[in-house]
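What follows is query02.pdb (PDB, C-alpha atoms and all ligand atoms).
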ATOM      1  CA  MET A 767      65.898  70.664 117.684
ATOM      2  CA  LEU A 768      68.313  72.112 115.141
ATOM      3  CA  THR A 769      67.895  72.224 111.385
ATOM      4  CA  ALA A 770      70.582  72.629 108.723
ATOM      5  CA  GLU A 771      70.051  74.191 105.304
ATOM      6  CA  PRO A 772      72.979  73.496 102.950
ATOM      7  CA  LEU A 773      74.753  76.554 101.480
ATOM      8  CA  SER A 774      76.321  74.719  98.532
ATOM      9  CA  ARG A 775      76.735  71.250  97.010
ATOM     10  CA  VAL A 776      79.879  70.280  98.915
ATOM     11  CA  LEU A 777      80.068  72.386 102.054
ATOM     12  CA  GLY A 778      78.403  74.828 104.374
ATOM     13  CA  ALA A 779      75.046  74.926 106.146
ATOM     14  CA  GLU A 780      72.932  77.499 107.896
ATOM     15  CA  ILE A 781      71.906  76.189 111.320
ATOM     16  CA  LYS A 782      68.524  77.245 112.653
ATOM     17  CA  GLY A 783      67.125  76.768 116.127
ATOM     18  CA  LEU A 784      69.941  78.335 118.157
ATOM     19  CA  ASP A 785      69.952  81.534 120.194
ATOM     20  CA  LEU A 786      73.487  82.290 121.301
ATOM     21  CA  SER A 787      72.395  84.805 123.928
ATOM     22  CA  SER A 788      71.640  81.865 126.258
ATOM     23  CA  PRO A 789      73.668  78.689 126.977
ATOM     24  CA  ILE A 790      73.250  75.747 124.593
ATOM     25  CA  ALA A 791      71.499  72.658 125.950
ATOM     26  CA  ASP A 792      73.713  69.521 126.076
ATOM     27  CA  ALA A 793      71.562  67.721 123.491
ATOM     28  CA  ASP A 794      71.831  70.690 121.107
ATOM     29  CA  ARG A 795      75.599  70.755 121.556
ATOM     30  CA  GLU A 796      75.933  67.118 120.463
ATOM     31  CA  GLU A 797      73.741  67.761 117.464
ATOM     32  CA  LEU A 798      75.605  70.970 116.639
ATOM     33  CA  LEU A 799      78.973  69.186 116.583
ATOM     34  CA  THR A 800      77.578  66.418 114.362
ATOM     35  CA  LEU A 801      76.251  69.047 111.920
ATOM     36  CA  PHE A 802      79.557  70.944 112.118
ATOM     37  CA  TRP A 803      81.663  67.929 111.141
ATOM     38  CA  GLN A 804      79.174  67.009 108.436
ATOM     39  CA  HIS A 805      78.948  70.458 106.808
ATOM     40  CA  LYS A 806      82.442  71.811 107.740
ATOM     41  CA  VAL A 807      81.280  75.453 107.711
ATOM     42  CA  ILE A 808      78.232  76.402 109.746
ATOM     43  CA  VAL A 809      76.453  79.721 109.937
ATOM     44  CA  ILE A 810      74.126  81.009 112.628
ATOM     45  CA  ARG A 811      72.564  84.216 111.367
ATOM     46  CA  GLY A 812      71.582  87.411 113.096
ATOM     47  CA  GLN A 813      73.072  86.849 116.546
ATOM     48  CA  ASP A 814      73.131  89.973 118.686
ATOM     49  CA  VAL A 815      75.540  88.273 121.056
ATOM     50  CA  ALA A 816      77.935  90.008 123.472
ATOM     51  CA  PRO A 817      81.580  88.844 123.819
ATOM     52  CA  ASP A 818      80.721  86.697 126.886
ATOM     53  CA  GLY A 819      78.043  84.847 124.919
ATOM     54  CA  PHE A 820      80.318  84.414 121.900
ATOM     55  CA  ILE A 821      83.030  82.920 124.137
ATOM     56  CA  ARG A 822      80.512  80.594 125.827
ATOM     57  CA  PHE A 823      79.299  79.394 122.405
ATOM     58  CA  ALA A 824      82.886  78.799 121.189
ATOM     59  CA  GLU A 825      83.562  76.549 124.181
ATOM     60  CA  ALA A 826      81.115  74.046 122.667
ATOM     61  CA  PHE A 827      83.831  73.327 120.060
ATOM     62  CA  GLY A 828      86.744  72.794 122.473
ATOM     63  CA  THR A 829      89.323  74.832 124.345
ATOM     64  CA  ILE A 830      89.789  78.440 123.257
ATOM     65  CA  GLU A 831      93.402  79.336 122.519
ATOM     66  CA  PRO A 832      94.665  82.903 122.218
ATOM     67  CA  PHE A 833      96.051  84.081 118.881
ATOM     68  CA  PHE A 834      99.844  84.475 118.860
ATOM     69  CA  ILE A 835      99.653  88.179 118.039
ATOM     70  CA  SER A 836      98.218  89.900 121.115
ATOM     71  CA  ALA A 837      98.201  93.486 119.830
ATOM     72  CA  TYR A 838      94.620  93.269 118.541
ATOM     73  CA  ASN A 839      92.973  91.397 121.372
ATOM     74  CA  LEU A 840      89.757  92.886 122.675
ATOM     75  CA  PRO A 841      90.875  94.648 125.886
ATOM     76  CA  THR A 842      87.884  93.430 127.924
ATOM     77  CA  HIS A 843      88.026  89.858 126.544
ATOM     78  CA  PRO A 844      91.600  89.072 125.456
ATOM     79  CA  GLN A 845      90.598  85.653 124.083
ATOM     80  CA  ILE A 846      88.887  87.572 121.262
ATOM     81  CA  TYR A 847      91.064  88.727 118.384
ATOM     82  CA  VAL A 848      89.704  91.722 116.478
ATOM     83  CA  LEU A 849      89.853  91.890 112.684
ATOM     84  CA  SER A 850      89.054  95.335 111.364
ATOM     85  CA  ASN A 851      89.828  98.025 108.823
ATOM     86  CA  VAL A 852      88.629 100.726 111.263
ATOM     87  CA  ARG A 853      91.152 103.254 112.577
ATOM     88  CA  GLN A 854      90.910 105.414 115.637
ATOM     89  CA  ASP A 855      93.385 108.283 116.072
ATOM     90  CA  GLY A 856      95.340 106.879 113.130
ATOM     91  CA  LYS A 857      95.781 103.484 114.768
ATOM     92  CA  PRO A 858      94.025 100.302 113.599
ATOM     93  CA  ILE A 859      91.561  98.890 116.160
ATOM     94  CA  GLY A 860      92.092  95.396 114.757
ATOM     95  CA  ARG A 861      94.180  93.485 112.284
ATOM     96  CA  ASP A 862      93.555  94.528 108.691
ATOM     97  CA  GLY A 863      94.261  92.734 105.413
ATOM     98  CA  ALA A 864      95.134  89.348 106.949
ATOM     99  CA  GLY A 865      94.198  85.953 105.538
ATOM    100  CA  THR A 866      93.690  87.212 101.994
ATOM    101  CA  HIS A 867      95.111  84.026 100.490
ATOM    102  CA  TRP A 868      94.021  80.369 100.602
ATOM    103  CA  HIS A 869      94.954  78.812 103.915
ATOM    104  CA  SER A 870      93.938  76.829 106.937
ATOM    105  CA  ASP A 871      94.502  78.728 110.184
ATOM    106  CA  SER A 872      97.879  78.632 111.971
ATOM    107  CA  THR A 873      99.413  75.808 109.908
ATOM    108  CA  PHE A 874     102.814  77.309 110.760
ATOM    109  CA  THR A 875     102.397  75.972 114.302
ATOM    110  CA  GLU A 876     102.845  72.426 115.588
ATOM    111  CA  LYS A 877      99.166  72.072 116.551
ATOM    112  CA  PRO A 878      97.090  74.283 114.253
ATOM    113  CA  SER A 879      93.676  75.486 115.454
ATOM    114  CA  SER A 880      90.942  72.889 114.977
ATOM    115  CA  ALA A 881      88.154  75.425 114.462
ATOM    116  CA  THR A 882      87.787  79.157 113.972
ATOM    117  CA  LEU A 883      84.744  81.253 114.834
ATOM    118  CA  LEU A 884      83.965  84.723 113.514
ATOM    119  CA  HIS A 885      81.208  87.038 114.674
ATOM    120  CA  GLY A 886      80.214  89.822 112.292
ATOM    121  CA  VAL A 887      79.966  92.811 114.652
ATOM    122  CA  THR A 888      80.037  95.514 111.940
ATOM    123  CA  VAL A 889      79.480  94.166 108.433
ATOM    124  CA  PRO A 890      79.984  96.314 105.302
ATOM    125  CA  ASP A 891      77.406  96.330 102.481
ATOM    126  CA  ARG A 892      80.128  95.403 100.018
ATOM    127  CA  GLY A 893      83.377  93.417 100.324
ATOM    128  CA  GLY A 894      84.751  91.444 103.254
ATOM    129  CA  ASP A 895      83.406  88.096 102.033
ATOM    130  CA  THR A 896      84.943  84.822 103.189
ATOM    131  CA  LEU A 897      85.704  82.096 100.631
ATOM    132  CA  PHE A 898      85.723  78.392 101.524
ATOM    133  CA  VAL A 899      86.714  75.151  99.789
ATOM    134  CA  ASN A 900      86.054  71.582 100.955
ATOM    135  CA  THR A 901      89.512  69.968 101.002
ATOM    136  CA  ALA A 902      88.236  66.360 100.894
ATOM    137  CA  ASP A 903      86.313  67.211  97.722
ATOM    138  CA  ALA A 904      89.490  68.886  96.383
ATOM    139  CA  TYR A 905      91.503  65.728  97.099
ATOM    140  CA  ASP A 906      88.876  63.542  95.385
ATOM    141  CA  ARG A 907      89.155  65.718  92.261
ATOM    142  CA  LEU A 908      92.890  64.989  91.838
ATOM    143  CA  ASP A 909      93.998  62.459  89.234
ATOM    144  CA  ASP A 910      95.462  59.158  90.489
ATOM    145  CA  GLU A 911      98.995  60.092  89.453
ATOM    146  CA  THR A 912      98.938  63.276  91.533
ATOM    147  CA  LYS A 913      97.417  61.437  94.490
ATOM    148  CA  ALA A 914     100.254  58.889  94.343
ATOM    149  CA  ARG A 915     102.824  61.689  94.050
ATOM    150  CA  ILE A 916     101.735  63.394  97.277
ATOM    151  CA  GLN A 917     100.754  60.352  99.336
ATOM    152  CA  GLY A 918     102.828  60.256 102.544
ATOM    153  CA  ARG A 919     104.586  63.561 101.689
ATOM    154  CA  ARG A 920     104.889  66.461 104.097
ATOM    155  CA  ALA A 921     104.780  70.122 103.103
ATOM    156  CA  ILE A 922     107.006  72.736 104.708
ATOM    157  CA  HIS A 923     104.910  75.484 106.364
ATOM    158  CA  ARG A 924     106.708  78.733 107.112
ATOM    159  CA  TYR A 925     105.196  81.808 108.765
ATOM    160  CA  GLN A 926     105.702  84.823 106.549
ATOM    161  CA  ARG A 927     104.200  88.212 106.575
ATOM    162  CA  LYS A 928     101.364  87.842 104.075
ATOM    163  CA  GLU A 929      98.929  90.669 104.505
ATOM    164  CA  PHE A 930      97.031  92.381 101.699
ATOM    165  CA  VAL A 931      97.940  89.584  99.269
ATOM    166  CA  TYR A 932      94.461  89.044  97.752
ATOM    167  CA  SER A 933      95.527  85.924  95.892
ATOM    168  CA  GLY A 934      92.512  83.952  97.136
ATOM    169  CA  ASP A 935      89.816  85.858  95.237
ATOM    170  CA  ARG A 936      90.024  85.198  91.498
ATOM    171  CA  THR A 937      86.925  87.203  90.627
ATOM    172  CA  ILE A 938      88.584  90.627  91.069
ATOM    173  CA  ASP A 939      88.120  92.947  88.056
ATOM    174  CA  ASP A 940      90.566  95.633  86.842
ATOM    175  CA  ALA A 941      88.924  98.509  88.733
ATOM    176  CA  GLU A 942      88.950  96.568  91.976
ATOM    177  CA  ARG A 943      92.547  95.448  91.382
ATOM    178  CA  THR A 944      93.631  99.087  91.006
ATOM    179  CA  GLU A 945      91.859 100.024  94.247
ATOM    180  CA  ILE A 946      93.381  97.026  96.048
ATOM    181  CA  GLU A 947      96.890  97.939  94.892
ATOM    182  CA  ARG A 948      96.386 101.529  96.084
ATOM    183  CA  VAL A 949      95.251 100.465  99.567
ATOM    184  CA  LYS A 950      97.895  97.752  99.802
ATOM    185  CA  ALA A 951     100.725 100.208  98.981
ATOM    186  CA  LEU A 952      99.403 102.600 101.622
ATOM    187  CA  ARG A 953      99.130  99.946 104.345
ATOM    188  CA  MET A 954     102.478  98.313 103.567
ATOM    189  CA  ALA A 955     104.216 101.705 103.741
ATOM    190  CA  GLU A 956     102.602 102.325 107.136
ATOM    191  CA  ALA A 957     103.698  98.921 108.422
ATOM    192  CA  ALA A 958     107.248  99.378 107.106
ATOM    193  CA  ALA A 959     107.485 102.635 109.011
ATOM    194  CA  ASP A 960     106.430 100.913 112.229
ATOM    195  CA  ALA A 961     109.152  98.617 113.587
ATOM    196  CA  ALA A 962     106.839  97.684 116.475
ATOM    197  CA  SER A 963     104.279  96.246 114.045
ATOM    198  CA  PRO A 964     103.232  92.940 115.635
ATOM    199  CA  THR A 965     103.320  90.967 112.408
ATOM    200  CA  ALA A 966     106.757  92.325 111.489
ATOM    201  CA  GLN A 967     108.094  91.147 114.824
ATOM    202  CA  ARG A 968     106.765  87.648 114.377
ATOM    203  CA  SER A 969     108.202  87.106 110.863
ATOM    204  CA  ASN A 970     110.814  84.386 110.522
ATOM    205  CA  GLN A 971     111.022  83.705 114.259
ATOM    206  CA  GLU A 972     109.043  80.497 113.981
ATOM    207  CA  PRO A 973     110.702  77.242 112.966
ATOM    208  CA  ASP A 974     109.391  75.574 109.820
ATOM    209  CA  ARG A 975     106.620  73.050 110.484
ATOM    210  CA  LEU A 976     106.080  69.888 108.481
ATOM    211  CA  HIS A 977     102.493  68.729 107.938
ATOM    212  CA  PRO A 978     101.097  65.988 105.692
ATOM    213  CA  ILE A 979      99.806  67.259 102.343
ATOM    214  CA  VAL A 980      97.051  64.655 102.543
ATOM    215  CA  ARG A 981      95.591  65.099 106.004
ATOM    216  CA  THR A 982      93.321  62.580 107.695
ATOM    217  CA  HIS A 983      90.498  64.312 109.524
ATOM    218  CA  PRO A 984      90.848  63.590 113.269
ATOM    219  CA  VAL A 985      87.091  63.028 113.721
ATOM    220  CA  THR A 986      85.609  61.858 110.414
ATOM    221  CA  GLY A 987      88.698  60.055 109.067
ATOM    222  CA  SER A 988      88.256  61.583 105.586
ATOM    223  CA  LYS A 989      91.330  62.499 103.533
ATOM    224  CA  GLY A 990      91.770  66.094 102.446
ATOM    225  CA  LEU A 991      94.379  68.387 100.926
ATOM    226  CA  TYR A 992      96.094  70.388 103.665
ATOM    227  CA  LEU A 993      97.465  73.563 102.105
ATOM    228  CA  ASN A 994      98.407  77.114 102.939
ATOM    229  CA  ASP A 995      98.940  78.660  99.518
ATOM    230  CA  GLU A 996     101.361  81.444 100.486
ATOM    231  CA  MET A 997     103.036  79.681 103.429
ATOM    232  CA  THR A 998     103.635  76.135 102.184
ATOM    233  CA  VAL A 999     107.056  76.837 100.725
ATOM    234  CA  GLY A1000     108.206  73.346  99.776
ATOM    235  CA  ILE A1001     107.836  69.584 100.136
ATOM    236  CA  GLU A1002     110.145  67.439 102.224
ATOM    237  CA  GLY A1003     112.353  65.305  99.959
ATOM    238  CA  ILE A1004     111.353  66.975  96.673
ATOM    239  CA  PRO A1005     113.544  69.687  95.087
ATOM    240  CA  ASP A1006     111.941  73.130  95.228
ATOM    241  CA  GLU A1007     111.866  73.494  91.437
ATOM    242  CA  GLU A1008     109.447  70.539  91.364
ATOM    243  CA  ALA A1009     107.775  71.031  94.736
ATOM    244  CA  VAL A1010     106.760  74.695  94.409
ATOM    245  CA  PRO A1011     104.931  74.325  91.048
ATOM    246  CA  LEU A1012     103.264  71.151  92.379
ATOM    247  CA  LEU A1013     102.000  72.991  95.465
ATOM    248  CA  ARG A1014     100.723  75.869  93.321
ATOM    249  CA  ARG A1015      98.928  73.429  91.006
ATOM    250  CA  LEU A1016      97.349  71.583  93.941
ATOM    251  CA  CYS A1017      96.039  74.867  95.269
ATOM    252  CA  GLU A1018      94.725  75.888  91.863
ATOM    253  CA  VAL A1019      92.852  72.600  91.437
ATOM    254  CA  ALA A1020      91.565  72.773  95.019
ATOM    255  CA  THR A1021      90.195  76.292  94.583
ATOM    256  CA  ALA A1022      88.585  75.954  91.140
ATOM    257  CA  PRO A1023      86.045  78.802  91.138
ATOM    258  CA  ASP A1024      82.985  76.565  90.661
ATOM    259  CA  THR A1025      83.812  74.729  93.904
ATOM    260  CA  VAL A1026      84.237  77.845  96.062
ATOM    261  CA  LEU A1027      81.601  78.860  98.597
ATOM    262  CA  ARG A1028      81.580  82.668  98.814
ATOM    263  CA  TYR A1029      80.014  83.680 102.098
ATOM    264  CA  LYS A1030      78.472  87.154 102.143
ATOM    265  CA  TRP A1031      78.169  88.316 105.706
ATOM    266  CA  ARG A1032      75.193  89.935 107.348
ATOM    267  CA  GLN A1033      75.242  91.855 110.582
ATOM    268  CA  GLY A1034      75.347  89.507 113.574
ATOM    269  CA  ASP A1035      76.296  86.343 111.674
ATOM    270  CA  VAL A1036      78.397  83.780 113.490
ATOM    271  CA  VAL A1037      80.392  81.465 111.213
ATOM    272  CA  VAL A1038      82.396  78.465 112.404
ATOM    273  CA  TRP A1039      84.743  76.492 110.167
ATOM    274  CA  ASP A1040      86.649  73.245 110.543
ATOM    275  CA  ASN A1041      90.335  73.903 109.792
ATOM    276  CA  ALA A1042      90.955  70.205 109.150
ATOM    277  CA  ALA A1043      88.227  70.093 106.490
ATOM    278  CA  VAL A1044      88.310  73.434 104.639
ATOM    279  CA  ILE A1045      90.695  76.089 103.432
ATOM    280  CA  HIS A1046      89.514  79.686 103.331
ATOM    281  CA  SER A1047      90.451  83.155 102.123
ATOM    282  CA  ALA A1048      89.385  86.654 103.069
ATOM    283  CA  THR A1049      88.491  89.118 100.306
ATOM    284  CA  PHE A1050      88.996  92.851  99.971
ATOM    285  CA  THR A1051      86.984  95.355 102.024
ATOM    286  CA  PRO A1052      86.916  98.954 100.719
ATOM    287  CA  PRO A1053      88.664 101.084 103.393
ATOM    288  CA  ASP A1054      85.758 103.534 103.661
ATOM    289  CA  LEU A1055      83.308 100.762 104.625
ATOM    290  CA  PRO A1056      83.851  99.829 108.284
ATOM    291  CA  ARG A1057      84.212  96.146 109.116
ATOM    292  CA  VAL A1058      84.670  94.717 112.617
ATOM    293  CA  MET A1059      84.851  90.960 113.208
ATOM    294  CA  HIS A1060      85.490  89.117 116.455
ATOM    295  CA  ARG A1061      87.508  85.931 116.108
ATOM    296  CA  LEU A1062      88.030  82.962 118.430
ATOM    297  CA  THR A1063      90.162  79.914 117.724
ATOM    298  CA  ILE A1064      89.948  76.439 119.217
ATOM    299  CA  ALA A1065      93.041  74.424 120.150
ATOM    300  CA  GLY A1066      93.892  71.643 117.701
ATOM    301  CA  THR A1067      96.053  68.531 117.506
ATOM    302  CA  VAL A1068      99.111  67.519 115.484
ATOM    303  CA  PRO A1069      97.921  66.827 111.900
ATOM    304  CA  PHE A1070      98.416  63.266 110.607
TER     305      PHE A1070
HETATM  306 FE    FE B1101      92.283  82.527 108.371
END
Written as structure tokens, that's how I'd like the structure from this file.
Amino acid sequence: MLTAEPLSRVLGAEIKGLDLSSPIADADREELLTLFWQHKVIVIRGQDVAPDGFIRFAEAFGTIEPFFISAYNLPTHPQIYVLSNVRQDGKPIGRDGAGTHWHSDSTFTEKPSSATLLHGVTVPDRGGDTLFVNTADAYDRLDDETKARIQGRRAIHRYQRKEFVYSGDRTIDDAERTEIERVKALRMAEAAADAASPTAQRSNQEPDRLHPIVRTHPVTGSKGLYLNDEMTVGIEGIPDEEAVPLLRRLCEVATAPDTVLRYKWRQGDVVVWDNAAVIHSATFTPPDLPRVMHRLTIAGTVPF
């Protein structure tokens, strides 16, 4: 028997009654999926789960698909993609500074991931939060004129190198901004000096993908805004000088600070989000505070 305690008014719930170190019973799996689609972001706290257990849990949500950049896969379990600011012998052990803008995962592909799971393996005391917005709620908050303007339109999604952007977190103060700029300059210089950098290699090799701006959820049927703030570069059939400001405004309305769920991680937390129902953004982690997250993504379908 699972219970769900809501984390905010419009999205997120902590699920209790699960122990990920052993397989989930079939009845619990059904209930878990129902709660997942209802709450869109679910959290299972304090799970001391090994990679095998994390993978087994992820399979409850569908078929695991590897991330397109393989450089940061966990050597023993290559399905797991490592996000980290930790360096060993000068080399990063995981990807650092990614996802620091509002987005849904892998929208620059034909079939973006349906769900993403993160396991907090090493969680810093400060920084490294994850921000979430309910995109159906964001759509409902639009005025009728804007809804009519975007109905049936497709946005152009283009993969671009967008690390260390930090456009998703609007609560940053001046001191933190200065620190962010310092770290960003350092990391970008390192990446520029490394032609073999996996993200540099991927840039601009992907064709543009067109996805509906108003996406119908494949399970619940609800309508939500489908945006990737830094990588939706235009709208099919609308001149860029109109389309780009419209996209920026949609994102601004969608991510109004009072509607954002800021998730502060604790050691061992497992968080799962529904990429068809939320957009999310990473926040800054101070480089001296180690952070290691394991990530798994679930194969999705063509958005409609
Ligand atoms: Fe992401």
Step by step: start from the point (81.2, 69.9, 109.1) in the file's coordinates, keep every protein, DNA or RNA residue that has an atom no farther than 9 Å from it, count all atoms listed in the file, and write the set as a PDB file with C-alpha atoms, keeping the file's coordinate frame.
ATOM      1  CA  LEU A 777      80.068  72.386 102.054  1.00  0.00           C
ATOM      2  CA  GLY A 778      78.403  74.828 104.374  1.00  0.00           C
ATOM      3  CA  ALA A 779      75.046  74.926 106.146  1.00  0.00           C
ATOM      4  CA  LEU A 799      78.973  69.186 116.583  1.00  0.00           C
ATOM      5  CA  THR A 800      77.578  66.418 114.362  1.00  0.00           C
ATOM      6  CA  LEU A 801      76.251  69.047 111.920  1.00  0.00           C
ATOM      7  CA  PHE A 802      79.557  70.944 112.118  1.00  0.00           C
ATOM      8  CA  TRP A 803      81.663  67.929 111.141  1.00  0.00           C
ATOM      9  CA  GLN A 804      79.174  67.009 108.436  1.00  0.00           C
ATOM     10  CA  HIS A 805      78.948  70.458 106.808  1.00  0.00           C
ATOM     11  CA  LYS A 806      82.442  71.811 107.740  1.00  0.00           C
ATOM     12  CA  VAL A 807      81.280  75.453 107.711  1.00  0.00           C
ATOM     13  CA  ILE A 808      78.232  76.402 109.746  1.00  0.00           C
ATOM     14  CA  TRP A1039      84.743  76.492 110.167  1.00  0.00           C
ATOM     15  CA  ASP A1040      86.649  73.245 110.543  1.00  0.00           C
ATOM     16  CA  ALA A1043      88.227  70.093 106.490  1.00  0.00           C
TER      17      ALA A1043
END
Next item on the list: Could you give me the residues within 7 Å of ligand FE 1101 (chain B), counting all atoms listed in the file, as a ChimeraX atom specification?
Entry: /A:865,869-871,1046-1047
Item checked: Contacts of A:Gly1066 within 9 Å, all atoms listed in the file, excl. fewer than 4 positions in-chain, as a PyMOL selection string -> chain A and resi 828-829+877-881+1041
Could you take the residues named above and write them with C-alpha atoms, as an mmCIF file, keeping the file's coordinate frame?
data_model
loop_
_atom_site.group_PDB
_atom_site.id
_atom_site.type_symbol
_atom_site.label_atom_id
_atom_site.label_comp_id
_atom_site.auth_asym_id
_atom_site.auth_seq_id
_atom_site.Cartn_x
_atom_site.Cartn_y
_atom_site.Cartn_z
ATOM 1 C CA GLY A 828 86.744 72.794 122.473
ATOM 2 C CA THR A 829 89.323 74.832 124.345
ATOM 3 C CA LYS A 877 99.166 72.072 116.551
ATOM 4 C CA PRO A 878 97.090 74.283 114.253
ATOM 5 C CA SER A 879 93.676 75.486 115.454
ATOM 6 C CA SER A 880 90.942 72.889 114.977
ATOM 7 C CA ALA A 881 88.154 75.425 114.462
ATOM 8 C CA ASN A 1041 90.335 73.903 109.792
#
Next item on the list: Determine the residue set returned by the PyMOL selection byres (((chain A and resi 1000) around 9) and not hetatm) for the present structure, and present it as a list in words.
Entry: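 Selected by the PyMOL selection byres (((chain A and resi 1000) around 9) and not hetatm) in this file: Arg920, Ala921, Ile922, His923, Met997, Thr998, Val999, Ile1001, Glu1002, Ile1004, Pro1005, Asp1006, Glu1008, Ala1009, Val1010 and Leu1013 of chain A.
Shortest atom-to-atom contact with A:Thr944 among A:Ala837, A:Ile916, A:Asn851, A:Pro1052: A:Pro1052, counting all atoms listed in the file.
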List every protein, DNA or RNA residue that has an atom no more than 6 Å from (84.7, 83.9, 98.3) in the file's coordinate frame, counting all atoms listed in the file, and report them as a PDB file with C-alpha atoms, in the frame of the given file.
ATOM      1  CA  ASP A 895      83.406  88.096 102.033  1.00  0.00           C
ATOM      2  CA  THR A 896      84.943  84.822 103.189  1.00  0.00           C
ATOM      3  CA  LEU A 897      85.704  82.096 100.631  1.00  0.00           C
ATOM      4  CA  LEU A1027      81.601  78.860  98.597  1.00  0.00           C
ATOM      5  CA  ARG A1028      81.580  82.668  98.814  1.00  0.00           C
TER       6      ARG A1028
END
Check: If we count all atoms listed in the file, what is near A:Arg892 at a cut-off of 9 Å, once residues fewer than 6 positions away on the same chain are taken out, given as a PyMOL selection string?
Finding: chain A and resi 1030+1051-1052+1055
Check: Restricting the calculation to only C-alpha atoms, which member of A:Trp1031, A:Tyr905, A:Pro890, A:Ala941 is positioned closest to A:Glu1018?
Finding: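 For A:Glu1018, the nearest of the given residues is A:Tyr905.
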